[in-house]
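Asker: Here you go, this is my_file20.cif (mmCIF, C-alpha atoms and all ligand atoms).
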data_run
loop_
_atom_site.label_atom_id
_atom_site.label_comp_id
_atom_site.auth_asym_id
_atom_site.auth_seq_id
_atom_site.Cartn_x
_atom_site.Cartn_y
_atom_site.Cartn_z
CA MET C 1 -21.31 -2.64 -188.01
CA THR C 2 -20.14 0.15 -185.75
CA THR C 3 -16.86 0.83 -187.43
CA GLU C 4 -15.26 0.86 -190.84
CA ASN C 5 -13.18 -2.16 -189.93
CA TRP C 6 -16.09 -4.34 -188.78
CA GLY C 7 -14.89 -7.93 -188.96
CA ALA C 8 -11.71 -6.89 -190.79
CA ILE C 9 -9.54 -9.28 -188.78
CA TYR C 10 -11.63 -12.20 -190.06
CA LYS C 11 -11.84 -10.94 -193.63
CA GLU C 12 -8.05 -10.56 -193.80
CA MET C 13 -7.78 -14.26 -192.99
CA GLY C 14 -10.32 -15.18 -195.63
CA ALA C 15 -13.34 -15.84 -193.38
CA THR C 16 -16.73 -14.12 -193.49
CA PRO C 17 -17.92 -12.31 -190.34
CA VAL C 18 -21.63 -12.36 -189.55
CA ILE C 19 -24.19 -10.36 -187.61
CA ASN C 20 -25.42 -12.42 -184.69
CA ALA C 21 -29.15 -12.04 -184.11
CA THR C 22 -29.36 -15.52 -182.57
CA GLY C 23 -27.93 -14.63 -179.16
CA SER C 24 -25.21 -16.24 -177.11
CA VAL C 25 -24.61 -19.35 -179.16
CA THR C 26 -21.36 -21.24 -179.04
CA LEU C 27 -21.26 -21.87 -182.78
CA LEU C 28 -20.85 -18.12 -183.44
CA GLY C 29 -18.46 -17.37 -180.59
CA GLY C 30 -20.85 -16.86 -177.68
CA SER C 31 -19.54 -13.79 -175.91
CA THR C 32 -17.81 -10.46 -176.41
CA PRO C 33 -15.80 -9.73 -173.24
CA VAL C 34 -16.71 -6.36 -171.71
CA ALA C 35 -14.23 -3.56 -171.01
CA GLU C 36 -13.88 -4.28 -167.25
CA VAL C 37 -13.04 -7.90 -168.04
CA LYS C 38 -10.51 -7.03 -170.75
CA GLU C 39 -8.78 -4.56 -168.41
CA ALA C 40 -8.50 -7.18 -165.68
CA MET C 41 -7.18 -9.71 -168.19
CA ASP C 42 -4.55 -7.27 -169.44
CA ALA C 43 -3.51 -6.48 -165.85
CA ALA C 44 -2.96 -10.21 -165.27
CA ASP C 45 -0.16 -10.20 -167.85
CA SER C 46 2.17 -8.23 -165.55
CA ALA C 47 3.19 -11.27 -163.47
CA PHE C 48 3.02 -15.04 -163.28
CA ILE C 49 1.24 -16.69 -160.37
CA PRO C 50 0.89 -20.24 -159.09
CA LEU C 51 -2.49 -21.17 -160.53
CA ILE C 52 -3.42 -23.33 -157.56
CA GLU C 53 -3.26 -20.20 -155.38
CA LEU C 54 -5.00 -18.01 -157.94
CA GLU C 55 -7.86 -20.52 -158.33
CA GLN C 56 -8.27 -20.63 -154.56
CA VAL C 57 -8.49 -16.86 -154.06
CA ALA C 58 -10.57 -16.32 -157.21
CA GLY C 59 -13.01 -18.99 -156.04
CA ASP C 60 -13.08 -17.40 -152.57
CA ARG C 61 -13.89 -13.95 -154.02
CA ILE C 62 -16.74 -15.34 -156.15
CA ALA C 63 -18.10 -17.40 -153.26
CA GLU C 64 -18.11 -14.29 -151.01
CA MET C 65 -19.89 -12.18 -153.61
CA LEU C 66 -22.59 -14.82 -154.13
CA GLY C 67 -22.92 -16.01 -150.56
CA VAL C 68 -22.17 -19.67 -151.33
CA PRO C 69 -19.61 -21.94 -149.63
CA ALA C 70 -17.13 -22.28 -152.50
CA ALA C 71 -16.52 -21.69 -156.22
CA TYR C 72 -14.15 -22.96 -158.91
CA ILE C 73 -13.43 -21.37 -162.30
CA THR C 74 -13.36 -23.77 -165.24
CA SER C 75 -13.03 -23.79 -169.01
CA GLY C 76 -16.76 -23.30 -169.44
CA ALA C 77 -19.82 -24.67 -167.68
CA GLY C 78 -19.34 -27.85 -169.71
CA SER C 79 -15.96 -28.44 -168.08
CA ALA C 80 -17.49 -27.77 -164.65
CA LEU C 81 -20.04 -30.54 -165.37
CA THR C 82 -17.33 -33.03 -166.28
CA LEU C 83 -15.10 -32.19 -163.30
CA MET C 84 -18.14 -32.41 -161.02
CA THR C 85 -18.85 -35.99 -162.13
CA ALA C 86 -15.19 -36.88 -161.56
CA ALA C 87 -15.44 -35.37 -158.07
CA PHE C 88 -18.69 -37.24 -157.36
CA MET C 89 -17.15 -40.55 -158.46
CA ALA C 90 -13.59 -40.40 -157.15
CA GLY C 91 -13.57 -37.60 -154.57
CA THR C 92 -10.03 -36.77 -153.48
CA ASP C 93 -8.65 -40.32 -153.65
CA ASP C 94 -5.51 -39.98 -155.78
CA ASP C 95 -5.57 -43.59 -156.99
CA LYS C 96 -9.14 -43.20 -158.18
CA ILE C 97 -8.40 -39.78 -159.71
CA GLU C 98 -5.68 -41.43 -161.82
CA GLN C 99 -7.91 -44.41 -162.65
CA LEU C 100 -10.65 -42.36 -164.32
CA PRO C 101 -12.23 -42.62 -166.87
CA ASP C 102 -12.12 -46.30 -165.85
CA THR C 103 -14.73 -46.32 -163.08
CA THR C 104 -14.25 -49.89 -161.84
CA GLY C 105 -14.97 -49.99 -158.12
CA MET C 106 -16.57 -46.53 -158.02
CA PRO C 107 -20.19 -45.40 -158.12
CA ASN C 108 -20.50 -44.27 -161.74
CA GLU C 109 -24.15 -43.58 -162.52
CA MET C 110 -25.42 -40.03 -162.95
CA LEU C 111 -29.20 -40.10 -162.70
CA ILE C 112 -31.30 -37.76 -164.83
CA GLN C 113 -35.04 -37.51 -165.42
CA THR C 114 -35.95 -38.73 -168.91
CA ARG C 115 -37.79 -35.47 -169.56
CA GLN C 116 -34.69 -33.47 -168.59
CA ARG C 117 -32.31 -35.08 -171.10
CA TYR C 118 -30.61 -32.16 -172.85
CA TRP C 119 -27.90 -31.07 -175.23
CA TYR C 120 -25.12 -30.70 -172.63
CA ASP C 121 -25.70 -33.94 -170.70
CA ARG C 122 -22.89 -35.47 -172.78
CA CYS C 123 -20.51 -33.49 -170.53
CA LEU C 124 -21.63 -35.71 -167.64
CA GLU C 125 -20.18 -38.81 -169.33
CA LEU C 126 -16.70 -37.69 -170.32
CA ALA C 127 -15.00 -38.62 -167.02
CA GLY C 128 -16.38 -42.15 -167.34
CA ALA C 129 -19.81 -41.80 -165.73
CA LYS C 130 -22.90 -43.35 -167.27
CA LEU C 131 -26.13 -41.39 -167.65
CA VAL C 132 -29.06 -43.36 -166.27
CA GLU C 133 -32.58 -42.11 -166.88
CA PHE C 134 -35.42 -42.29 -164.38
CA GLY C 135 -39.08 -41.61 -165.07
CA ASP C 136 -40.18 -41.54 -168.72
CA GLU C 137 -41.34 -39.16 -171.45
CA ASN C 138 -44.62 -38.65 -169.62
CA GLY C 139 -43.18 -37.71 -166.27
CA THR C 140 -41.39 -38.76 -163.11
CA THR C 141 -42.61 -39.87 -159.70
CA GLU C 142 -40.73 -39.68 -156.42
CA ASP C 143 -40.65 -43.49 -156.41
CA ASP C 144 -38.98 -43.47 -159.83
CA LEU C 145 -36.10 -41.60 -158.25
CA ARG C 146 -36.05 -43.67 -155.03
CA ASN C 147 -35.97 -46.89 -157.10
CA ALA C 148 -33.24 -45.58 -159.40
CA ILE C 149 -30.83 -44.82 -156.57
CA SER C 150 -28.41 -47.66 -155.75
CA ASP C 151 -24.82 -48.28 -154.67
CA ARG C 152 -23.84 -47.45 -158.24
CA THR C 153 -25.29 -43.92 -158.04
CA ALA C 154 -22.67 -41.16 -158.16
CA GLY C 155 -25.21 -38.32 -158.09
CA VAL C 156 -28.49 -36.95 -159.39
CA HIS C 157 -28.48 -34.23 -162.05
CA TYR C 158 -31.06 -31.48 -162.53
CA VAL C 159 -31.49 -28.79 -165.19
CA VAL C 160 -33.13 -25.39 -164.64
CA TYR C 161 -34.38 -22.95 -167.26
CA GLU C 162 -36.28 -20.38 -165.24
CA GLN C 163 -36.85 -18.28 -168.37
CA MET C 164 -39.14 -21.03 -169.69
CA PRO C 165 -42.49 -22.19 -168.30
CA ALA C 166 -41.86 -24.80 -165.58
CA ASP C 167 -42.41 -28.42 -166.63
CA PRO C 168 -45.16 -29.74 -164.33
CA ASN C 169 -44.26 -33.34 -165.19
CA VAL C 170 -40.78 -33.45 -163.70
CA LEU C 171 -39.82 -33.63 -160.04
CA THR C 172 -38.97 -30.26 -158.59
CA LEU C 173 -35.44 -29.53 -157.46
CA GLU C 174 -36.67 -29.52 -153.86
CA GLN C 175 -38.02 -33.06 -154.29
CA VAL C 176 -34.81 -34.26 -155.94
CA ILE C 177 -32.61 -32.77 -153.21
CA GLU C 178 -34.72 -34.27 -150.45
CA ILE C 179 -34.80 -37.78 -151.91
CA ALA C 180 -31.17 -37.84 -153.05
CA HIS C 181 -29.84 -36.51 -149.76
CA ALA C 182 -31.97 -38.93 -147.76
CA ALA C 183 -30.11 -41.67 -149.68
CA GLY C 184 -26.74 -39.97 -149.11
CA LYS C 185 -26.30 -38.96 -152.77
CA PRO C 186 -25.19 -35.52 -154.03
CA VAL C 187 -27.22 -33.34 -156.41
CA SER C 188 -25.81 -31.34 -159.32
CA VAL C 189 -27.68 -28.54 -161.09
CA ASP C 190 -27.08 -27.09 -164.53
CA ALA C 191 -28.01 -23.45 -164.01
CA ALA C 192 -25.65 -22.14 -166.68
CA GLY C 193 -27.83 -19.17 -167.65
CA GLN C 194 -29.44 -18.42 -164.27
CA ILE C 195 -27.67 -15.16 -163.51
CA TYR C 196 -30.70 -12.85 -163.33
CA PRO C 197 -32.64 -11.84 -161.29
CA LEU C 198 -29.66 -11.68 -158.96
CA GLU C 199 -31.42 -13.71 -156.27
CA ASN C 200 -31.32 -16.66 -158.71
CA PHE C 201 -27.55 -16.36 -159.14
CA GLY C 202 -26.22 -19.13 -156.88
CA LYS C 203 -29.71 -19.97 -155.60
CA TYR C 204 -29.61 -23.72 -156.23
CA VAL C 205 -26.59 -24.31 -154.02
CA LYS C 206 -28.28 -22.21 -151.34
CA MET C 207 -31.31 -24.50 -151.73
CA GLY C 208 -29.10 -27.45 -150.86
CA ALA C 209 -27.67 -28.67 -154.17
CA ASP C 210 -24.06 -29.81 -153.85
CA PHE C 211 -23.04 -28.23 -157.15
CA GLN C 212 -24.28 -25.85 -159.80
CA CYS C 213 -22.55 -24.52 -162.86
CA ILE C 214 -22.66 -21.06 -164.44
CA ALA C 215 -21.56 -20.24 -168.00
CA ALA C 216 -19.50 -17.06 -167.75
CA LYS C 217 -20.03 -16.56 -171.52
CA TYR C 218 -23.40 -15.15 -170.52
CA MET C 219 -21.98 -12.33 -168.38
CA GLY C 220 -19.28 -10.64 -170.41
CA ALA C 221 -16.39 -12.98 -169.59
CA PRO C 222 -14.53 -14.91 -172.31
CA HIS C 223 -16.68 -17.48 -174.08
CA SER C 224 -14.28 -20.19 -172.94
CA THR C 225 -14.94 -19.68 -169.21
CA GLY C 226 -17.43 -20.80 -166.61
CA PHE C 227 -17.52 -21.77 -162.97
CA ALA C 228 -18.85 -24.16 -160.42
CA LEU C 229 -20.51 -23.17 -157.15
CA GLY C 230 -20.89 -25.77 -154.47
CA THR C 231 -20.03 -27.27 -151.15
CA LYS C 232 -16.42 -26.95 -150.00
CA GLU C 233 -16.07 -30.72 -150.37
CA VAL C 234 -17.19 -30.87 -154.02
CA ILE C 235 -15.26 -27.76 -155.06
CA ASP C 236 -12.10 -29.00 -153.34
CA ALA C 237 -12.39 -32.35 -155.12
CA MET C 238 -12.93 -30.63 -158.48
CA GLY C 239 -9.62 -28.82 -157.95
CA HIS C 240 -7.90 -32.17 -157.41
CA HIS C 241 -9.23 -33.43 -160.76
CA SER C 242 -8.46 -30.20 -162.64
CA PHE C 243 -5.56 -29.40 -164.96
CA ILE C 244 -4.03 -27.44 -162.07
CA GLY C 245 -4.19 -30.49 -159.81
CA TYR C 246 -2.56 -32.48 -162.62
CA GLU C 247 0.39 -30.09 -162.94
CA THR C 248 0.79 -28.92 -159.34
CA ARG C 249 0.11 -32.16 -157.48
CA ARG C 250 1.52 -34.40 -160.21
CA ILE C 251 -1.63 -36.53 -160.04
CA ARG C 252 -2.80 -37.36 -163.54
CA GLY C 253 -6.54 -36.66 -163.53
CA ILE C 254 -8.95 -36.36 -166.45
CA GLY C 255 -9.05 -32.56 -166.13
CA ARG C 256 -5.74 -31.91 -167.91
CA PRO C 257 -7.29 -30.80 -171.25
CA HIS C 258 -9.73 -28.41 -169.50
CA LYS C 259 -7.16 -25.65 -169.38
CA ILE C 260 -7.71 -21.95 -168.75
CA ASP C 261 -5.22 -19.17 -168.28
CA ARG C 262 -4.61 -16.72 -165.48
CA GLN C 263 -6.02 -13.91 -167.58
CA GLU C 264 -9.31 -15.80 -167.90
CA ILE C 265 -9.43 -16.54 -164.16
CA VAL C 266 -9.12 -12.85 -163.22
CA GLY C 267 -11.46 -11.99 -166.09
CA VAL C 268 -14.19 -14.17 -164.60
CA VAL C 269 -13.80 -12.57 -161.17
CA ALA C 270 -14.07 -9.15 -162.81
CA ALA C 271 -17.17 -10.28 -164.73
CA VAL C 272 -18.89 -11.51 -161.56
CA ARG C 273 -17.98 -8.32 -159.68
CA ARG C 274 -19.36 -6.20 -162.53
CA TRP C 275 -22.52 -8.29 -162.75
CA MET C 276 -23.23 -7.94 -159.01
CA THR C 277 -22.87 -4.16 -159.15
CA LEU C 278 -24.29 -3.47 -162.62
CA ASN C 279 -27.29 -1.22 -163.16
CA HIS C 280 -29.56 -4.01 -164.42
CA GLU C 281 -32.44 -1.64 -165.15
CA GLU C 282 -30.23 0.12 -167.67
CA ARG C 283 -29.11 -3.21 -169.11
CA LEU C 284 -32.73 -4.31 -169.52
CA ASP C 285 -33.84 -0.94 -170.95
CA PHE C 286 -31.08 -1.16 -173.53
CA ALA C 287 -32.06 -4.66 -174.58
CA GLU C 288 -35.72 -3.66 -174.80
CA GLY C 289 -34.78 -0.66 -176.97
CA GLN C 290 -32.72 -2.85 -179.30
CA SER C 291 -35.64 -5.29 -179.58
CA GLU C 292 -38.06 -2.46 -180.39
CA ALA C 293 -35.61 -1.24 -183.03
CA ILE C 294 -35.83 -4.63 -184.78
CA ILE C 295 -39.62 -4.53 -184.64
CA LYS C 296 -40.04 -0.94 -185.88
CA PRO C 297 -39.46 -1.51 -189.64
CA LEU C 298 -41.62 -4.66 -189.49
CA LYS C 299 -44.82 -3.01 -188.32
CA GLU C 300 -47.68 -3.13 -190.78
CA ILE C 301 -45.91 -5.24 -193.39
CA PRO C 302 -48.55 -7.68 -194.65
CA GLY C 303 -47.69 -11.29 -193.82
CA VAL C 304 -45.13 -10.46 -191.10
CA THR C 305 -45.64 -10.60 -187.36
CA ALA C 306 -42.92 -9.25 -185.08
CA GLU C 307 -43.61 -9.48 -181.39
CA LEU C 308 -41.61 -8.37 -178.36
CA ASN C 309 -40.31 -11.23 -176.17
CA THR C 310 -40.88 -9.84 -172.69
CA ASN C 311 -38.77 -12.34 -170.76
CA ILE C 312 -36.13 -10.72 -168.55
CA LYS C 313 -35.00 -13.82 -166.65
CA ALA C 314 -31.64 -15.53 -167.10
CA HIS C 315 -29.01 -14.32 -169.53
CA GLN C 316 -30.80 -12.98 -172.60
CA PRO C 317 -33.48 -10.40 -171.83
CA PHE C 318 -36.11 -9.38 -174.39
CA GLY C 319 -35.65 -10.22 -178.08
CA VAL C 320 -38.19 -10.60 -180.86
CA PHE C 321 -40.38 -13.38 -182.24
CA VAL C 322 -40.75 -13.08 -186.02
CA SER C 323 -43.00 -15.12 -188.25
CA VAL C 324 -43.96 -14.84 -191.90
CA ASP C 325 -47.17 -16.11 -193.52
CA PRO C 326 -46.05 -18.16 -196.54
CA ASP C 327 -49.41 -17.63 -198.27
CA ILE C 328 -48.79 -13.88 -198.29
CA VAL C 329 -45.01 -13.49 -198.59
CA GLY C 330 -44.35 -16.64 -200.65
CA PHE C 331 -41.78 -18.27 -198.40
CA THR C 332 -41.49 -19.90 -194.97
CA ASN C 333 -39.73 -18.96 -191.74
CA ASP C 334 -36.92 -21.40 -192.59
CA ASP C 335 -36.55 -19.71 -195.98
CA LEU C 336 -36.30 -16.34 -194.21
CA VAL C 337 -33.43 -17.66 -192.07
CA ASP C 338 -31.63 -18.74 -195.27
CA LYS C 339 -32.28 -15.41 -197.00
CA LEU C 340 -30.85 -13.47 -194.06
CA LYS C 341 -27.83 -15.78 -193.88
CA ASP C 342 -27.20 -15.35 -197.61
CA GLY C 343 -27.52 -11.56 -197.39
CA GLU C 344 -24.76 -8.97 -197.29
CA PRO C 345 -23.81 -8.72 -194.49
CA SER C 346 -24.82 -12.21 -193.46
CA ILE C 347 -27.30 -12.22 -190.54
CA TRP C 348 -27.65 -15.38 -188.44
CA THR C 349 -31.02 -16.23 -186.92
CA ARG C 350 -32.79 -19.47 -186.11
CA VAL C 351 -36.25 -21.01 -185.94
CA GLN C 352 -37.44 -22.49 -182.66
CA ASP C 353 -40.96 -23.84 -182.15
CA GLY C 354 -42.04 -22.67 -185.58
CA ARG C 355 -40.91 -19.03 -185.46
CA LEU C 356 -37.71 -17.01 -185.60
CA VAL C 357 -36.49 -16.35 -182.07
CA LEU C 358 -34.17 -13.34 -182.23
CA HIS C 359 -31.97 -12.18 -179.38
CA VAL C 360 -30.11 -8.89 -179.09
CA PHE C 361 -27.32 -10.32 -176.89
CA GLY C 362 -24.82 -10.37 -179.75
CA LEU C 363 -25.84 -7.20 -181.60
CA GLY C 364 -23.42 -4.28 -181.84
CA GLU C 365 -24.35 -0.64 -182.24
CA GLY C 366 -26.71 -0.02 -185.14
CA GLU C 367 -27.15 -3.71 -185.81
CA ALA C 368 -30.68 -3.99 -184.40
CA GLU C 369 -31.98 -1.50 -186.99
CA LEU C 370 -30.01 -3.31 -189.67
CA VAL C 371 -31.61 -6.65 -188.75
CA GLY C 372 -35.13 -5.19 -188.79
CA ASN C 373 -34.50 -3.52 -192.15
CA ALA C 374 -33.00 -6.70 -193.63
CA ILE C 375 -36.09 -8.71 -192.64
CA ALA C 376 -38.36 -6.03 -194.12
CA ALA C 377 -36.32 -6.01 -197.34
CA ALA C 378 -36.38 -9.82 -197.59
CA VAL C 379 -40.17 -9.83 -197.29
CA LYS C 380 -40.75 -6.97 -199.71
CA GLY C 381 -38.40 -8.69 -202.17
C1 LIG C 401 -23.97 -22.76 -172.52
C2 LIG C 401 -24.50 -23.83 -171.63
C3 LIG C 401 -23.70 -24.88 -171.20
C4 LIG C 401 -22.26 -25.04 -171.61
O1 LIG C 401 -21.51 -23.97 -171.12
P1 LIG C 401 -20.07 -23.68 -171.73
O2 LIG C 401 -19.55 -22.57 -170.86
O3 LIG C 401 -20.28 -23.26 -173.15
O4 LIG C 401 -19.27 -24.93 -171.62
C5 LIG C 401 -24.24 -25.83 -170.36
N1 LIG C 401 -25.54 -25.78 -169.99
C6 LIG C 401 -26.35 -24.80 -170.41
C7 LIG C 401 -27.79 -24.79 -169.95
C8 LIG C 401 -25.87 -23.80 -171.23
O5 LIG C 401 -26.68 -22.81 -171.63
#
Please express the file's structure as structure tokens.

Answerer:
Amino acid sequence: MTTENWGAIYKEMGATPVINATGSVTLLGGSTPVAEVKEAMDAADSAFIPLIELEQVAGDRIAEMLGVPAAYITSGAGSALTLMTAAFMAGTDDDKIEQLPDTTGMPNEMLIQTRQRYWYDRCLELAGAKLVEFGDENGTTEDDLRNAISDRTAGVHYVVYEQMPADPNVLTLEQVIEIAHAAGKPVSVDAAGQIYPLENFGKYVKMGADFQCIAAKYMGAPHSTGFALGTKEVIDAMGHHSFIGYETRRIRGIGRPHKIDRQEIVGVVAAVRRWMTLNHEERLDFAEGQSEAIIKPLKEIPGVTAELNTNIKAHQPFGVFVSVDPDIVGFTNDDLVDKLKDGEPSIWTRVQDGRLVLHVFGLGEGEAELVGNAIAAAVKG
């Protein structure tokens, strides 16, 4: 909304741009690369570079900044998850690398707590691994994990969402690491959004996990990028399975379609450098101000509650919870989502746990006010 030509590039092609009040969601395009990242990406155009060397030094720079043993840039956190399973199953054995996704003769089970099944666990299966649940809907015991581990186990997967209340009915990461390592099995952690507070950024590998992924879409890098942090052994093996290993080593691994370009690789390094040196107080103040701007026009409208989300952990600080009372306004929260989507301009929001959960992550200048006013207008009819 900031400029006259807002969304013009899409309109020219016949598509309809939208205002994103949902946050960093892949279906809307996830991220808008920041200036420092775009500059680094442009600078990468000046020369070609062997990608195997670039990946190595880029991973080294990220690992140094975060204080972890090693890092590897991938085409998203999802790709890091898939390459990790390939590394867990086949290591650096070229015959096995070329055999995947046929896992005959390899440990091929990725263990996951039933209560931790989640949207992205599909990425753990694409290299040929099988997801095997332990525990049940009610919870997990240490013995559930001990009994689930066998010769077929490739690794144990764990998911962290520190911005949400901890689930008391799952094993903690500490418990999982202890039990898995006692059995000689590696542990992977999906920590895609755990980039703030900074002490959480890379924390799970420092706790002893063999791998964690980060989605660089959450920190101003291109939406299509992410990275793995981990032990030197796991990160080295991931490189063997990657598209770069495929082309440089002429070993045909499953990673070939997970391609990224040199511009993206330097863009991710720039994004991590910026994130580690950013004034996060300013970043948080800005997000809080945007959230308050959404709330302002909604105060004292009968039948509407708009409440500040005070979370500052992970990748999307603040935001607003909005709810309408159908008895007063004549429609439901789901109807409100539809009304906003059908408006001009179209505003995308979503209902989670019975209320609209708005995030300011994807809002441009002036768009927070616009969203608040559009909700007020929808309610007032
Ligand atoms: C976004 C996300 C992913 C996938 O990351 P991509 O970079 O989009 O592939 C995986 N896990 C979690 C928890 C995420 O939030």

Asker: Need the neighbours of (-10.7, -31.2, -167.1): which residues are at most 7 Å away, counting only C-alpha atoms, as a PyMOL selection string?

Answerer: chain C and resi 79+82-83+241-243+254-259

Asker: Which residues sit within 10 Å of ligand LIG 401 (chain C), counting all atoms listed in the file, listed as a ChimeraX atom specification?

Answerer: /C:24-27,29-31,74-82,118-121,123,159-161,189-194,213-218,222-227,314-315

Asker: Residues within 12 Å of Trp6 in chain C, please, as a PyMOL selection string. Count only C-alpha atoms; anything in the same chain fewer than 5 positions from it doesn't count.

Answerer: chain C and resi 1+11-12+16-19+345+364-365+367

Asker: How many Å separate CA of Thr231 in chain C from CA of Phe211 in chain C?

Answerer: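 So the two atoms, CA of Thr231 in chain C and CA of Phe211 in chain C, lie 6.8 Å apart.
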
Asker: Can you tell me how far CA of Gly208 in chain C sits from CA of Asn108 in chain C, in Å to one decimal?

Answerer: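 Spanning CA of Gly208 in chain C to CA of Asn108 in chain C is a straight-line distance of 21.8 Å.
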